[in-house]
Every structure is written in structure tokens, then in C-alpha cells.
Amino acid sequence: MTHRKPTRVLIVDDSPTVRMLLEHVLGADPAIQVAGCAADGAEALRMALALRPDVITMDLNMPRMDGVAATAEIMRECPTPIVIVSGAAVPGEVSASFGAIEAGALVVAQRPAAVGHPDHPAQAAALVRM
């Protein structure tokens with residue numbers, strides 16, 4: 001029986017609470033290893049170059065370098081599959097999501113609700129599948 005190496009994920013979000021939530025959700029799956037966490041797009045670019053993760057989860061609205069700019073830079077410097085993890089369906093967020101897809105992100109996923117919320121299990125499972 002061959003064991004596949006876990007998928008290494010870099011989590012990018014400016015909110016420490018969201019980073020912890022995503023680390024909890026993704027880290028609970030044995031097929032996923034959280035390779036690191038970044039608090040903004042500039043840190044994400046540095047970490048992507050250093051860690052070479054298999055997948056990156058990317059927030060859109062962050063200080064210094066937002067998710068759209070970070071996605072474009074990462075795709076230019078070290079192309080990596082990027083999943084935009086968004087918490088809102090407000091018009092500005094939807095527009096930024098399209099910008100991130102144009103910059104090279106693969107898909108936009110909804111951020112799971114907090115642990116304890118009735119929608120959390122289904123939303124967490126959907127993100128892990130992505």
C-alpha cells in the first residue's frame with residue numbers, strides 16, 4: 001500500500017481568527033498539512049517562494065498587498081493553485097473575486113462558519129474537498 005504525501009497548504013488571511021479557523025478545518029484532514037500561515041499578500045509571496053506549497057488559500061482584502069495582487073505575483077513568480085476563501089458576497093468582494101480568477105486563482109470558496117455554527121460541518125467539508 002502506498003501512502004500519498006499530504007497536500008501542503010499555505011493559509012493567507014489578515015485575520016488571526018480566520019487563520020486559526022482555516023488551520024483547524026484544513027489541519028483536521030489527514031490528507032492535508034498546513035505548511036504555514038501568512039497575514040498579507042507580501043508575506044504570502046515570500047512564503048510561497050520559500051515553502052513551495054501545493055495549494056494556497058487566499059483572502060481578498062488585506063493590508064500592504066491584497067489577494068488579487070498577491071495572486072498575480074505568485075502566479076508570475078511561482079505558479080501555485082490558489083483557492084480564494086471569501087467570507088462575504090457583497091458587490092466589492094464579488095468583483096475582487098473575479099479579479100483574482102483573472103489573475104490566476106482556480107476557484108472562490110466560502111469561508112466556513114465558526115465552529116459550533118450549524119453550517120460549519122458542511123462548509124468545512126466543502127472547503128476541504130476543494
# chains A, B, ... in the order shown; residues from 1 in each chain; ligands from 1
call {"tool": "residues_around", "arguments": {"residues": "Ala124 in chain A", "least_positions_apart": "4", "cutoff": "7 Å", "atoms": "only C-alpha atoms", "output": "ChimeraX atom specification"}}
result
/A:25,112,120,128
call {"tool": "select_by_dssp", "arguments": {"residues": "range 21-124 of chain A", "states": "helix (DSSP H, G or I)", "output": "ChimeraX atom specification"}}
result
/A:21-27,41-51,67-77,91-103,120-124
call {"tool": "residues_around", "arguments": {"residues": "range 29-38 of chain A", "least_positions_apart": "5", "cutoff": "12 Å", "atoms": "only C-alpha atoms", "output": "number ranges by chain"}}
result
A: 3-24, 43-48, 50-59, 62-63, 65, 67, 70, 124-125, 127-130
call {"tool": "residues_around", "arguments": {"residues": "Ile74 in chain A", "least_positions_apart": "2", "cutoff": "9 Å", "atoms": "only C-alpha atoms", "output": "list in words"}}
result
Ala44, Leu45, Ala48, Leu49, Ala69, Ala70, Thr71, Ala72, Arg76, Glu77, Cys78, Pro79, Thr80 and Gly104 of chain A
call {"tool": "write_last_selection", "arguments": {"atoms": "N, CA, C and O atoms", "output": "mmCIF file, in the first residue's frame"}}
result
data_model
loop_
_atom_site.group_PDB
_atom_site.id
_atom_site.type_symbol
_atom_site.label_atom_id
_atom_site.label_comp_id
_atom_site.auth_asym_id
_atom_site.auth_seq_id
_atom_site.Cartn_x
_atom_site.Cartn_y
_atom_site.Cartn_z
ATOM 1 N N ALA A 44 2.676 36.332 1.926
ATOM 2 C CA ALA A 44 2.281 35.143 1.171
ATOM 3 C C ALA A 44 3.244 34.875 0.025
ATOM 4 O O ALA A 44 3.639 33.727 -0.201
ATOM 5 N N LEU A 45 3.639 35.919 -0.690
ATOM 6 C CA LEU A 45 4.577 35.744 -1.797
ATOM 7 C C LEU A 45 5.911 35.202 -1.291
ATOM 8 O O LEU A 45 6.446 34.240 -1.840
ATOM 9 N N ALA A 48 5.355 31.583 -0.187
ATOM 10 C CA ALA A 48 5.129 30.692 -1.328
ATOM 11 C C ALA A 48 6.455 30.344 -1.997
ATOM 12 O O ALA A 48 6.700 29.187 -2.355
ATOM 13 N N LEU A 49 7.320 31.347 -2.147
ATOM 14 C CA LEU A 49 8.639 31.097 -2.751
ATOM 15 C C LEU A 49 9.490 30.194 -1.871
ATOM 16 O O LEU A 49 10.200 29.316 -2.366
ATOM 17 N N ALA A 69 -3.642 41.161 -6.018
ATOM 18 C CA ALA A 69 -2.241 41.459 -6.355
ATOM 19 C C ALA A 69 -1.333 40.295 -5.962
ATOM 20 O O ALA A 69 -0.417 39.930 -6.714
ATOM 21 N N ALA A 70 -1.584 39.701 -4.801
ATOM 22 C CA ALA A 70 -0.762 38.572 -4.354
ATOM 23 C C ALA A 70 -0.921 37.380 -5.299
ATOM 24 O O ALA A 70 0.069 36.722 -5.645
ATOM 25 N N THR A 71 -2.150 37.126 -5.725
ATOM 26 C CA THR A 71 -2.382 36.028 -6.669
ATOM 27 C C THR A 71 -1.598 36.262 -7.954
ATOM 28 O O THR A 71 -0.918 35.359 -8.453
ATOM 29 N N ALA A 72 -1.663 37.466 -8.486
ATOM 30 C CA ALA A 72 -0.944 37.785 -9.725
ATOM 31 C C ALA A 72 0.561 37.605 -9.545
ATOM 32 O O ALA A 72 1.234 37.026 -10.411
ATOM 33 N N ARG A 76 3.044 34.743 -11.241
ATOM 34 C CA ARG A 76 4.192 35.176 -12.037
ATOM 35 C C ARG A 76 5.490 34.548 -11.516
ATOM 36 O O ARG A 76 6.331 34.097 -12.283
ATOM 37 N N GLU A 77 5.656 34.510 -10.193
ATOM 38 C CA GLU A 77 6.918 34.074 -9.576
ATOM 39 C C GLU A 77 7.020 32.563 -9.354
ATOM 40 O O GLU A 77 8.088 31.990 -9.518
ATOM 41 N N CYS A 78 5.947 31.959 -8.882
ATOM 42 C CA CYS A 78 5.968 30.512 -8.579
ATOM 43 C C CYS A 78 4.542 29.977 -8.688
ATOM 44 O O CYS A 78 3.865 29.795 -7.682
ATOM 45 N N PRO A 79 4.060 29.752 -9.898
ATOM 46 C CA PRO A 79 2.669 29.343 -10.096
ATOM 47 C C PRO A 79 2.248 28.208 -9.151
ATOM 48 O O PRO A 79 2.925 27.187 -9.062
ATOM 49 N N THR A 80 1.168 28.461 -8.433
ATOM 50 C CA THR A 80 0.650 27.540 -7.422
ATOM 51 C C THR A 80 -0.869 27.605 -7.481
ATOM 52 O O THR A 80 -1.428 28.696 -7.615
ATOM 53 N N GLY A 104 -5.389 34.407 -11.954
ATOM 54 C CA GLY A 104 -4.892 33.045 -11.957
ATOM 55 C C GLY A 104 -5.422 32.127 -10.869
ATOM 56 O O GLY A 104 -5.084 30.943 -10.847
#
call {"tool": "residues_around", "arguments": {"residues": "Arg111 in chain A", "least_positions_apart": "6", "cutoff": "6 Å", "atoms": "only C-alpha atoms", "output": "number ranges by chain"}}
result
A: 85-87
call {"tool": "write_last_selection", "arguments": {"atoms": "N, CA and C atoms", "output": "mmCIF file, in the first residue's frame"}}
result
data_model
loop_
_atom_site.group_PDB
_atom_site.id
_atom_site.type_symbol
_atom_site.label_atom_id
_atom_site.label_comp_id
_atom_site.auth_asym_id
_atom_site.auth_seq_id
_atom_site.Cartn_x
_atom_site.Cartn_y
_atom_site.Cartn_z
ATOM 1 N N VAL A 85 -10.619 32.244 -0.513
ATOM 2 C CA VAL A 85 -11.559 31.923 0.564
ATOM 3 C C VAL A 85 -12.166 33.241 1.016
ATOM 4 N N SER A 86 -13.457 33.394 0.708
ATOM 5 C CA SER A 86 -14.138 34.659 0.923
ATOM 6 C C SER A 86 -15.247 34.502 1.954
ATOM 7 N N GLY A 87 -15.419 35.541 2.752
ATOM 8 C CA GLY A 87 -16.439 35.491 3.776
ATOM 9 C C GLY A 87 -17.706 36.226 3.431
#
call {"tool": "closest_residue", "arguments": {"among": "A:Ala114, A:Ala109, A:Ile82, A:Ala42", "to": "Asp66 in chain A", "atoms": "only C-alpha atoms"}}
result
A:Ala42
call {"tool": "atom_distance", "arguments": {"atom1": "CA of Ser97 in chain A", "atom2": "CA of Glu73 in chain A"}}
result
15.8 Å
call {"tool": "select_by_dssp", "arguments": {"residues": "range 20-105 of chain A", "states": "strand (DSSP E)", "output": "JSON, numbers by chain"}}
result
{"A": [32, 33, 34, 35, 36, 37, 38, 55, 56, 57, 58, 82, 83, 84, 85, 86]}
call {"tool": "atom_distance", "arguments": {"atom1": "CA of Pro81 in chain A", "atom2": "CA of Ala103 in chain A"}}
result
11.5 Å
